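Following: one structure in structure tokens, then a few remarks.
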Amino acid sequence: MTTDDPTTLFTLEGVTAAVVGASSGIGRSLSLAYARAGATVYAAARRVDRLEELASEAPDGRIIPHEVDVCRESDIAGFIERIEQDGQVATVVLNAAGLFSYTPPPMPDEEFAKVLDVNLMGTWRVLVAFGEHLKRANRPGSLITIGSSCTTFTVAPSNHAYFASKGGVENLVRWVAADLAESDIRVNLIAPGWIETDMVETALSREDRVSILKEHLPLKRIGTTDDVTGAGLFLASEASRYVTGITLLVDGGLALNRVWNIRPT
Ligand SMILES: NC(=O)c1ccc[n+]([C@@H]2O[C@H](COP(=O)([O-])OP(=O)(O)OC[C@H]3O[C@@H](n4cnc5c(N)ncnc54)[C@H](OP(=O)(O)O)[C@@H]3O)[C@@H](O)[C@H]2O)c1
């Protein structure tokens, strides 16, 4: 199949999308991007007031808020029920819900478990439930979730639970992708580096830390949520129709880890 107008590959006109973790940061930004690209977006998170504010910014009422806690399987089931009651099938699903944790060891077991519950189990619950939703409707689809560029070779002290969870998410995506491929459901991961959002506000609040980060980032700047839009749109749209099971790094080159500033000549 050839495409006469390649720009149409990126449209989401007529698509129904579901975004979990839509109340702030990357999920919020991609919800708006999807709506602006033509999708109707069911936007979920725990803070409904934030979702309503987001909906007020969307063109033509294309964002529909819904309360979901990814730690509750019943909330995710209720979210899908709502979409199905509206006669819709979410063929694009983005899970951007995430919990960060800076606690140095010894981190209490409960806190470690909470981070895994939101980041790893939450991703699992969303992928399984929406995979079933698509299979019931006999529709192809694209499931996207968010890992972290720091599961590559970059390491830093502390943050064990968070990066353990993100390592799990990255592997999970590949295995679920293998399972769902026969149903024409693609599953991919976006792995951001440092992106200015509420999650990393404390980390980025000190100028000395920001300077160290910029020094180590090959592209020499902290990312913004807008920097993730292209990747989010690519994986949601027809543009990526032959892509599944990948990790798409959006990290300013952070995963290059060490770029030796020497030239052979
Ligand atoms: N910012 C970065 O530098 C960076 C780097 C690498 C990866 N990431 C990943 O990117 C994703 C988005 O994070 P962000 O940076 O955009 O942070 P953020 O602004 O703090 O957004 C986190 C989102 O997750 C939602 N969330 C948290 N717990 C939830 C729960 N139990 N149920 C449902 N939703 C929940 C929050 O909504 P409610 O609180 O309203 O529920 C919020 O919408 C996360 O997976 C994060 O780990 C971020």
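Here's how to read the names in the structure tokens: chain A, B, ... by the order shown, residue numbers from 1 in each chain, ligand numbers from 1 in the order shown.
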Can you tell me, as a short mmCIF file (atom, residue, chain, number, x, y, z; two decimals) with C-alpha atoms, in the first residue's frame, which residues in range 115-228 of chain A count as strand (DSSP E) by DSSP?
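Result saved to result13.cif:
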data_model
loop_
_atom_site.label_atom_id
_atom_site.label_comp_id
_atom_site.auth_asym_id
_atom_site.auth_seq_id
_atom_site.Cartn_x
_atom_site.Cartn_y
_atom_site.Cartn_z
CA GLY A 141 -5.18 -0.79 17.90
CA SER A 142 -2.14 0.87 19.38
CA LEU A 143 -1.31 0.60 23.08
CA ILE A 144 1.39 2.99 24.27
CA THR A 145 2.95 3.20 27.66
CA ILE A 146 5.70 5.27 29.26
CA ILE A 185 -2.76 -4.77 18.33
CA ARG A 186 0.56 -2.94 18.57
CA VAL A 187 2.21 -2.28 21.92
CA ASN A 188 5.05 0.21 22.27
CA LEU A 189 6.95 2.16 24.88
CA ILE A 190 8.05 5.78 24.98
CA ALA A 191 11.10 6.22 27.18
CA PRO A 192 11.57 9.87 28.10
#
What residues of the protein or nucleic acid chains come within 6 Å of ligand 1 when you use only C-alpha atoms and all ligand atoms? Reply as JSON, numbers by chain. {"A": [21, 22, 23, 24, 25, 26, 27, 45, 46, 47, 68, 69, 70, 71, 96, 97, 98, 99, 118, 146, 147, 148, 192, 193, 194, 195, 196, 197, 198, 199, 200]}
What separation in Å, quoted to one decimal, exists between CA of Ala137 in chain A and CA of Thr16 in chain A?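 Value for the CA of Ala137 in chain A-CA of Thr16 in chain A distance: 13.1 Å.
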Counting only C-alpha atoms, which residues in range 216-239 of chain A sit no more than 12 Å from range 2-14 of chain A? For each one, give the nearest pair of atoms and the distance in Å, sorted by chain then residue number, as a Markdown table.
| residue | atom | partner | partner_atom | distance |
| --- | --- | --- | --- | --- |
| A:Thr229 | CA | A:Phe10 | CA | 11.5 |
| A:Gly230 | CA | A:Phe10 | CA | 9.5 |
| A:Ala231 | CA | A:Phe10 | CA | 10.8 |
| A:Gly232 | CA | A:Phe10 | CA | 10.3 |
| A:Leu233 | CA | A:Phe10 | CA | 6.6 |
| A:Phe234 | CA | A:Phe10 | CA | 6.6 |
| A:Leu235 | CA | A:Phe10 | CA | 9.3 |
| A:Ala236 | CA | A:Leu12 | CA | 8.0 |
| A:Ser237 | CA | A:Phe10 | CA | 5.3 |
| A:Glu238 | CA | A:Leu9 | CA | 5.2 |
| A:Ala239 | CA | A:Leu9 | CA | 4.8 |
Can you work out which one of A:Phe153, A:Ala35, A:Ala181, A:Glu57 has the shortest atom-to-atom distance to Arg241 in chain A, counting only C-alpha atoms? A:Ala181
Point-to-point distance in Å for CA of Tyr102 in chain A and CA of Ser158 in chain A: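 We find that CA of Ser158 in chain A and CA of Tyr102 in chain A lie 6.6 Å from each other.
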Coordinates-based distance that separates CA of Val93 in chain A from CA of Val128 in chain A (Å, one decimal):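 We find that CA of Val128 in chain A and CA of Val93 in chain A lie 11.5 Å from each other.
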Which neighbours of Thr154 in chain A fall inside 9 Å, counting only C-alpha atoms, when residues of the same chain fewer than 5 positions from it are skipped, and could you give them as a list in words?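 My reading of the contact set: Ser149, Leu254, Ala255, Leu256 and Asn257 of chain A.
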Looking at only C-alpha atoms, which of A:Asn119, A:Ser205, A:Thr224, A:Ser183 is the one that sits closest to Ser165 in chain A?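 Among the listed residues, A:Asn119 lies closest to Ser165 in chain A.
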Nearest to Gly167 in chain A by atom-to-atom distance, counting only C-alpha atoms, from A:Ile83, A:Cys150, A:Ala113, A:Leu51: A:Cys150
Which of range 23-260 of chain A counts as alpha helix (DSSP H) under DSSP, as a PyMOL selection string please? chain A and resi 25-36+48-57+73-85+109-116+122-137+160-180+207-216+226-236
